[in-house]
Structure formats: structure tokens, C-alpha cells
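Each remark here refers to the structure printed beneath this line.
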Amino acid sequence: MLDTFSTQRLKQCTHGEVGDSLENGKIPFFPVSPVELPSEADLAFLREELPRQLKSKNVSYHPETNSIRGLDKGSVIYDKAREVLTKHSRRVSEFYRDSMPELFKNALIGTSSFRPIQERGRNLNAHASNELIHFDAGAYGPTNGARILRFFVNLNPVEDRVWATRGDFPTLFKHYAEEAGLLEKIRKNQLDKTTLDNIRTGALTGLTKAGLPLARLLDNSPYDRTMRQFHNFMKDTPEFQNNPQGHQELSFMPFSAWTVFTDMVSHACLSGQHAFIWTALIPLENCRHPDMAPINIMRAAA
């Protein structure tokens with residue numbers, strides 16, 4: 001599952017190597033982050049000062065509004081948090097443009113977040129819990145089949161960030177699609193947008209162009225709703241969560257980084273505190289292996 005890219009391998013690999021790893025359901029892992037990390041002073045700010053004023057589970061930079069969510073706009077740390085997260089977002093984007101320019105072309109850059117809360121034992125409801133294995137469903141508005149790309153950095157100086165996985169989308173879809181109620185929906189051609197979907201998308205697109213850029217986040221699509229159904233099934237089904245078949249735990253050491261198509265690799269965060277999480281949507285037409293994309297695996301099952 002892990003595909004380790006040492007600093008030396010990353011220097012020598014072709015432009016398609018990281019992208020191929022992602023598309024084939026692996027997790028490119030970087031023992032040394034290929035993205036420059038914040039200064040020691042900024043790391044101390046993120047881990048020590050920022051959490052004292054946090055209003056939610058994380059603080060996120062939204063590029064479409066150049067704003068921060070999770071902090072009061074008038075707080076003394078708002079501008080500092082925006083500066084750190086903006087810089088990180090730019091560095092991650094530059095890494096992808098250098099390492100996989102074709103796959104990253106015309107990517108929709110989403111949020112850059114910092115999560116300061118310990119993931120273990122948060123007692124959240126199942127659908128909100130990161131501790132339960134799932135595929136991501138929808139990210140930064142509707143995907144319409146685009147790939148959900150995330151880049152993670154463990155900023156904890158002493159503690160690993162521990163994940164669990166049960167495997168990739170093709171494997172789990174094959175075993176659980178019928179039980180999750182997906183096949184009936186797919187066979188009724190319910191992956192395509194309806195007239196109502198198109199009306200909603202048009203209205204929200206209009207609001208976005210009229211100066212309300214966050215309006216697009218309210219949109220949806222049949223594909224994203226189907227993925228949400230699978231996401232909820234996985235989290236709501238103890239028999240799935242407790243099944244040892246294919247179960248792996250992965251530990252990411254302090255200051256390491258990893259990237260993954262989170263619609264492709266099932267995952268849960270079992271423990272860890274202090275992490276960067278960056279998100280983008282990758283156009284499906286950029287993929288060299290489009291048959292591996294969840295939307296095309298679903299269509300092939302119709």
C-alpha cells in the first residue's frame with residue numbers, strides 16, 4: 001500500500017511516477033517532506049498558540065475567498081494563521097506542478113488545513129469520525145467524478161500519525177457494493193445528473209460568479225451522493241469496521257508527508273495530533289488510468 005519515495009528516488013523519478021502510484025491505489029510516502037515546512041517559530045504557533053483560540057476541529061484556509069475558517073476574523077492570530085496556511089498551500093501546489101505536471105493540470109485547489117486535535121477517542125458521531133474506515137465522498141463541493149487528492153504532513157515532533165485501511169476502491173466496491181445498496185442505483189443509471197441537478201448547479205454557479213464564491217460548496221451530484229452512501233455504509237456497519245480481512249495499520253513518523261487519492265484508498269486516522277491536510281480536485285480527463293477511477297468502476301458495474 002505504501003510506496004516510499006526517498007529524497008533520492010524523488011529526484012530521479014519520471015513525471016508520471018507519483019501520479020501512477022496514486023491512480024493505482026497506493027500511498028506515495030515521503031520520509032522527508034518534499035515540501036518545505038514552516039519555521040520553528042511558526043510550528044510553535046500552530047501547536048501551542050492557535051489551538052487556544054480555535055472555534056472548530058481545525059483551521060482552514062479557503063483560497064477562493066483568501067479567508068480562514070475556524071478562527072474569529074478579528075482575533076490577533078487570524079492574519080498569522082492565514083499567512084502560514086497560504087504559504088503551505090502554495091508550496092504543495094508547486095510540488096505537484098514539478099512532480100506530476102500533467103495530472104495536476106487545471107486542478108481545483110481547495111482548502112489547506114491544520115488539525116491540532118488528537119484524533120484518538122474524540123467520541124464523534126459515526127459520520128463525522130475520522131477513526132472509522134471510509135472513502136472520502138465529496139470534497140470542496142461536488143467532484144462529479146474528479147479525483148480527491150490530499151497531501152498530509154505530520155507536524156507532531158514526537159508522535160506518529162497512525163492510519164488504518166481495508167484496501168482500495170475496486171476491492172471494496174466488488175465486495176460491498178450490493179450490500180451497501182449501490183448496484184441498484186447504478187443499474188438505474190442514477191450516476192447521471194437529473195434536470196433538478198442541472199438547475200441547482202446553474203443557480204449556484206450564478207451565485208458564485210455574482211460574488212459568493214462559497215456557493216459552489218453547496219452543490220452536489222448523483223455520483224457524489226452515491227459515494228456518500230458508500231461512505232455512510234462503511235461507517236455505520238460494525239461488521240465492516242471489525243472485519244480483519246485486508247486490514248492494515250500505517251504509521252507516519254514526525255515531519256514525514258504522504259499523498260493519496262482519498263476516494264481511492266480507504267482510510268481512518270486512529271491517532272495523531274498536529275497535521276497539515278491540503279486538498280485539490282484532479283480532473284478525470286488528466287488521468288492516465290481512468291478505468292481505475294471510482295466513477296468508471298461504478299459505470300462498468302451497470
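Every chain in the C-alpha cells takes a letter, A first, then B, and so on in the order presented; its residues are numbered from 1, and the ligands are numbered from 1 following the presented order.
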Check your understanding: Per DSSP on the backbone, what are the strand (DSSP E) residues of range 77-188 of chain A, as a PyMOL selection string?
Key -> chain A and resi 108-115+147-154+161-165
Since we have the selection now, will you write its residues out, keeping C-alpha atoms, as a PDB file, in the first residue's frame?
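Once written, again.pdb looks like this:
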```pdb
ATOM      1  CA  LEU A 108      -9.064  22.931  -8.472  1.00  0.00           C
ATOM      2  CA  ILE A 109      -7.104  23.944  -5.378  1.00  0.00           C
ATOM      3  CA  GLY A 110      -9.140  23.536  -2.223  1.00  0.00           C
ATOM      4  CA  THR A 111      -8.507  24.081   1.445  1.00  0.00           C
ATOM      5  CA  SER A 112      -5.247  23.991   3.334  1.00  0.00           C
ATOM      6  CA  SER A 113      -5.983  22.961   6.916  1.00  0.00           C
ATOM      7  CA  PHE A 114      -4.230  22.448  10.210  1.00  0.00           C
ATOM      8  CA  ARG A 115      -5.672  19.901  12.642  1.00  0.00           C
ATOM      9  CA  ARG A 147     -10.313  12.647  -8.092  1.00  0.00           C
ATOM     10  CA  ILE A 148      -9.910  13.833  -4.499  1.00  0.00           C
ATOM     11  CA  LEU A 149      -6.211  14.495  -3.943  1.00  0.00           C
ATOM     12  CA  ARG A 150      -4.878  15.140  -0.455  1.00  0.00           C
ATOM     13  CA  PHE A 151      -1.418  15.899   0.888  1.00  0.00           C
ATOM     14  CA  PHE A 152      -0.679  15.272   4.574  1.00  0.00           C
ATOM     15  CA  VAL A 153       2.200  16.307   6.823  1.00  0.00           C
ATOM     16  CA  ASN A 154       2.641  15.086  10.381  1.00  0.00           C
ATOM     17  CA  ARG A 161       0.135   9.715  12.921  1.00  0.00           C
ATOM     18  CA  VAL A 162      -1.470   6.273  12.646  1.00  0.00           C
ATOM     19  CA  TRP A 163      -3.859   5.273   9.882  1.00  0.00           C
ATOM     20  CA  ALA A 164      -5.845   2.145   9.160  1.00  0.00           C
ATOM     21  CA  THR A 165      -7.007   0.908   5.756  1.00  0.00           C
TER      22      THR A 165
END
```
Exercise for review: Can you pull out every residue within 12 Å of range 17-23 of chain A, counting only C-alpha atoms, but drop anything in the same chain fewer than 5 positions away, and send it as a ChimeraX atom specification?
Suggested key: /A:1-6,9-12,28-30,95-105,147-151,168-170,258-265,282,284,286-294
At a cut-off of 9 Å, can you tabulate as a Markdown table every residue of range 65-102 of chain A near range 32-47 of chain A together with its closest atom pair and the distance in Å to one decimal, using only C-alpha atoms and ordering rows by chain then number?
```
| residue | atom | partner | partner_atom | distance |
| --- | --- | --- | --- | --- |
| A:Lys80 | CA | A:Asp42 | CA | 8.8 |
| A:Ala81 | CA | A:Leu46 | CA | 7.8 |
| A:Val84 | CA | A:Pro38 | CA | 7.2 |
| A:Lys87 | CA | A:Pro38 | CA | 8.6 |
| A:His88 | CA | A:Leu37 | CA | 7.5 |
| A:Arg91 | CA | A:Val35 | CA | 6.1 |
| A:Val92 | CA | A:Val35 | CA | 6.2 |
| A:Glu94 | CA | A:Val35 | CA | 8.7 |
| A:Phe95 | CA | A:Val35 | CA | 6.6 |
```
So that I have them on file, write out the residues from the current selection with N, CA and C atoms, as an mmCIF file, in the first residue's frame.
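Writing the result to out.cif gives the following:
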```cif
data_model
loop_
_atom_site.group_PDB
_atom_site.id
_atom_site.type_symbol
_atom_site.label_atom_id
_atom_site.label_comp_id
_atom_site.auth_asym_id
_atom_site.auth_seq_id
_atom_site.Cartn_x
_atom_site.Cartn_y
_atom_site.Cartn_z
ATOM 1 N N LYS A 80 -1.895 35.754 11.109
ATOM 2 C CA LYS A 80 -0.731 34.861 11.155
ATOM 3 C C LYS A 80 -1.108 33.472 10.649
ATOM 4 N N ALA A 81 -2.260 32.958 11.067
ATOM 5 C CA ALA A 81 -2.703 31.650 10.599
ATOM 6 C C ALA A 81 -2.892 31.659 9.083
ATOM 7 N N VAL A 84 0.560 31.471 7.331
ATOM 8 C CA VAL A 84 1.201 30.151 7.381
ATOM 9 C C VAL A 84 0.506 29.174 6.444
ATOM 10 N N LYS A 87 0.994 30.003 2.671
ATOM 11 C CA LYS A 87 2.338 29.629 2.235
ATOM 12 C C LYS A 87 2.419 28.117 2.025
ATOM 13 N N HIS A 88 1.828 27.360 2.933
ATOM 14 C CA HIS A 88 1.846 25.899 2.782
ATOM 15 C C HIS A 88 1.083 25.465 1.533
ATOM 16 N N ARG A 91 3.203 26.016 -1.500
ATOM 17 C CA ARG A 91 4.326 25.072 -1.596
ATOM 18 C C ARG A 91 3.872 23.692 -2.066
ATOM 19 N N VAL A 92 2.716 23.244 -1.579
ATOM 20 C CA VAL A 92 2.212 21.941 -2.013
ATOM 21 C C VAL A 92 1.871 21.973 -3.501
ATOM 22 N N GLU A 94 3.157 23.829 -5.775
ATOM 23 C CA GLU A 94 4.409 23.856 -6.534
ATOM 24 C C GLU A 94 5.033 22.468 -6.610
ATOM 25 N N PHE A 95 4.930 21.704 -5.529
ATOM 26 C CA PHE A 95 5.460 20.336 -5.547
ATOM 27 C C PHE A 95 4.760 19.497 -6.611
#
```
Practice item. Please report, as a ChimeraX atom specification, each residue of range 89-218 of chain A to which DSSP assigns alpha helix (DSSP H) when run on this structure's backbone. Key: /A:89-99,101-104,169-176,182-187,195-209
Using only N, CA and C atoms, please write the residues we just selected to a file, as a short mmCIF file (atom, residue, chain, number, x, y, z; two decimals), in the first residue's frame.
```
data_model
loop_
_atom_site.label_atom_id
_atom_site.label_comp_id
_atom_site.auth_asym_id
_atom_site.auth_seq_id
_atom_site.Cartn_x
_atom_site.Cartn_y
_atom_site.Cartn_z
N SER A 89 -0.07 26.06 1.29
CA SER A 89 -0.86 25.72 0.11
C SER A 89 -0.06 25.96 -1.16
N ARG A 90 0.63 27.08 -1.22
CA ARG A 90 1.42 27.40 -2.41
C ARG A 90 2.56 26.40 -2.59
N ARG A 91 3.20 26.02 -1.50
CA ARG A 91 4.33 25.07 -1.60
C ARG A 91 3.87 23.69 -2.07
N VAL A 92 2.72 23.24 -1.58
CA VAL A 92 2.21 21.94 -2.01
C VAL A 92 1.87 21.97 -3.50
N SER A 93 1.20 23.03 -3.93
CA SER A 93 0.86 23.15 -5.35
C SER A 93 2.12 23.14 -6.22
N GLU A 94 3.16 23.83 -5.78
CA GLU A 94 4.41 23.86 -6.53
C GLU A 94 5.03 22.47 -6.61
N PHE A 95 4.93 21.70 -5.53
CA PHE A 95 5.46 20.34 -5.55
C PHE A 95 4.76 19.50 -6.61
N TYR A 96 3.43 19.57 -6.68
CA TYR A 96 2.71 18.77 -7.67
C TYR A 96 2.99 19.25 -9.09
N ARG A 97 3.10 20.55 -9.28
CA ARG A 97 3.40 21.05 -10.63
C ARG A 97 4.76 20.56 -11.10
N ASP A 98 5.68 20.40 -10.17
CA ASP A 98 7.01 19.92 -10.54
C ASP A 98 7.05 18.41 -10.72
N SER A 99 6.33 17.66 -9.88
CA SER A 99 6.47 16.21 -9.85
C SER A 99 5.48 15.48 -10.76
N PRO A 101 3.16 17.24 -13.50
CA PRO A 101 2.50 18.38 -14.15
C PRO A 101 1.28 18.02 -14.98
N GLU A 102 1.29 16.87 -15.65
CA GLU A 102 0.16 16.52 -16.50
C GLU A 102 -1.07 16.17 -15.65
N LEU A 103 -0.88 15.39 -14.60
CA LEU A 103 -2.00 15.01 -13.75
C LEU A 103 -2.56 16.22 -13.00
N PHE A 104 -1.70 17.14 -12.65
CA PHE A 104 -2.10 18.28 -11.83
C PHE A 104 -2.67 19.44 -12.66
N PHE A 169 -10.53 1.11 -3.58
CA PHE A 169 -11.93 1.18 -4.00
C PHE A 169 -12.34 -0.02 -4.85
N PRO A 170 -11.56 -0.44 -5.86
CA PRO A 170 -12.01 -1.59 -6.67
C PRO A 170 -12.27 -2.83 -5.82
N THR A 171 -11.42 -3.08 -4.84
CA THR A 171 -11.57 -4.28 -4.00
C THR A 171 -12.83 -4.19 -3.13
N LEU A 172 -13.01 -3.06 -2.46
CA LEU A 172 -14.13 -2.94 -1.52
C LEU A 172 -15.46 -2.75 -2.25
N PHE A 173 -15.44 -2.09 -3.39
CA PHE A 173 -16.66 -1.97 -4.18
C PHE A 173 -17.14 -3.36 -4.62
N LYS A 174 -16.22 -4.19 -5.07
CA LYS A 174 -16.56 -5.55 -5.51
C LYS A 174 -17.23 -6.33 -4.38
N HIS A 175 -16.76 -6.19 -3.16
CA HIS A 175 -17.25 -6.98 -2.06
C HIS A 175 -18.49 -6.40 -1.39
N TYR A 176 -18.67 -5.08 -1.44
CA TYR A 176 -19.71 -4.47 -0.61
C TYR A 176 -20.72 -3.62 -1.38
N LEU A 182 -25.61 0.07 -3.59
CA LEU A 182 -25.12 0.90 -4.69
C LEU A 182 -25.50 0.34 -6.06
N LEU A 183 -25.52 -0.98 -6.20
CA LEU A 183 -25.72 -1.57 -7.52
C LEU A 183 -27.10 -1.24 -8.09
N GLU A 184 -28.11 -1.27 -7.25
CA GLU A 184 -29.46 -0.94 -7.72
C GLU A 184 -29.50 0.48 -8.28
N LYS A 185 -28.87 1.41 -7.57
CA LYS A 185 -28.84 2.80 -8.01
C LYS A 185 -28.07 2.94 -9.33
N ILE A 186 -26.92 2.26 -9.41
CA ILE A 186 -26.09 2.36 -10.61
C ILE A 186 -26.80 1.76 -11.82
N ARG A 187 -27.47 0.63 -11.61
CA ARG A 187 -28.15 -0.03 -12.73
C ARG A 187 -29.36 0.74 -13.22
N THR A 195 -32.43 16.76 -14.34
CA THR A 195 -32.76 18.15 -14.63
C THR A 195 -32.66 19.01 -13.37
N LEU A 196 -33.12 18.47 -12.24
CA LEU A 196 -33.04 19.21 -10.98
C LEU A 196 -31.59 19.47 -10.58
N ASP A 197 -30.72 18.48 -10.79
CA ASP A 197 -29.30 18.68 -10.50
C ASP A 197 -28.73 19.81 -11.35
N ASN A 198 -29.08 19.83 -12.63
CA ASN A 198 -28.56 20.87 -13.53
C ASN A 198 -29.08 22.25 -13.15
N ILE A 199 -30.33 22.31 -12.72
CA ILE A 199 -30.89 23.61 -12.29
C ILE A 199 -30.14 24.11 -11.05
N ARG A 200 -29.94 23.21 -10.07
CA ARG A 200 -29.23 23.62 -8.86
C ARG A 200 -27.81 24.08 -9.18
N THR A 201 -27.11 23.29 -10.02
CA THR A 201 -25.74 23.66 -10.38
C THR A 201 -25.70 25.02 -11.07
N GLY A 202 -26.65 25.25 -11.98
CA GLY A 202 -26.69 26.53 -12.68
C GLY A 202 -26.92 27.69 -11.73
N ALA A 203 -27.84 27.51 -10.79
CA ALA A 203 -28.14 28.58 -9.84
C ALA A 203 -26.94 28.88 -8.95
N LEU A 204 -26.28 27.83 -8.46
CA LEU A 204 -25.14 28.04 -7.57
C LEU A 204 -23.93 28.58 -8.33
N THR A 205 -23.79 28.19 -9.59
CA THR A 205 -22.73 28.77 -10.42
C THR A 205 -22.96 30.25 -10.61
N GLY A 206 -24.23 30.63 -10.81
CA GLY A 206 -24.56 32.04 -10.94
C GLY A 206 -24.22 32.83 -9.69
N LEU A 207 -24.54 32.26 -8.53
CA LEU A 207 -24.21 32.93 -7.27
C LEU A 207 -22.70 33.06 -7.10
N THR A 208 -21.98 32.04 -7.52
CA THR A 208 -20.51 32.09 -7.42
C THR A 208 -19.96 33.22 -8.27
N LYS A 209 -20.45 33.34 -9.49
CA LYS A 209 -19.99 34.39 -10.39
C LYS A 209 -20.43 35.77 -9.92
#
```
Revision key, fill the gap. Closest of A:Leu281, A:Ala302, A:Ile77, A:Met234 to Ala126 in chain A, counting only C-alpha atoms, is A:Met234
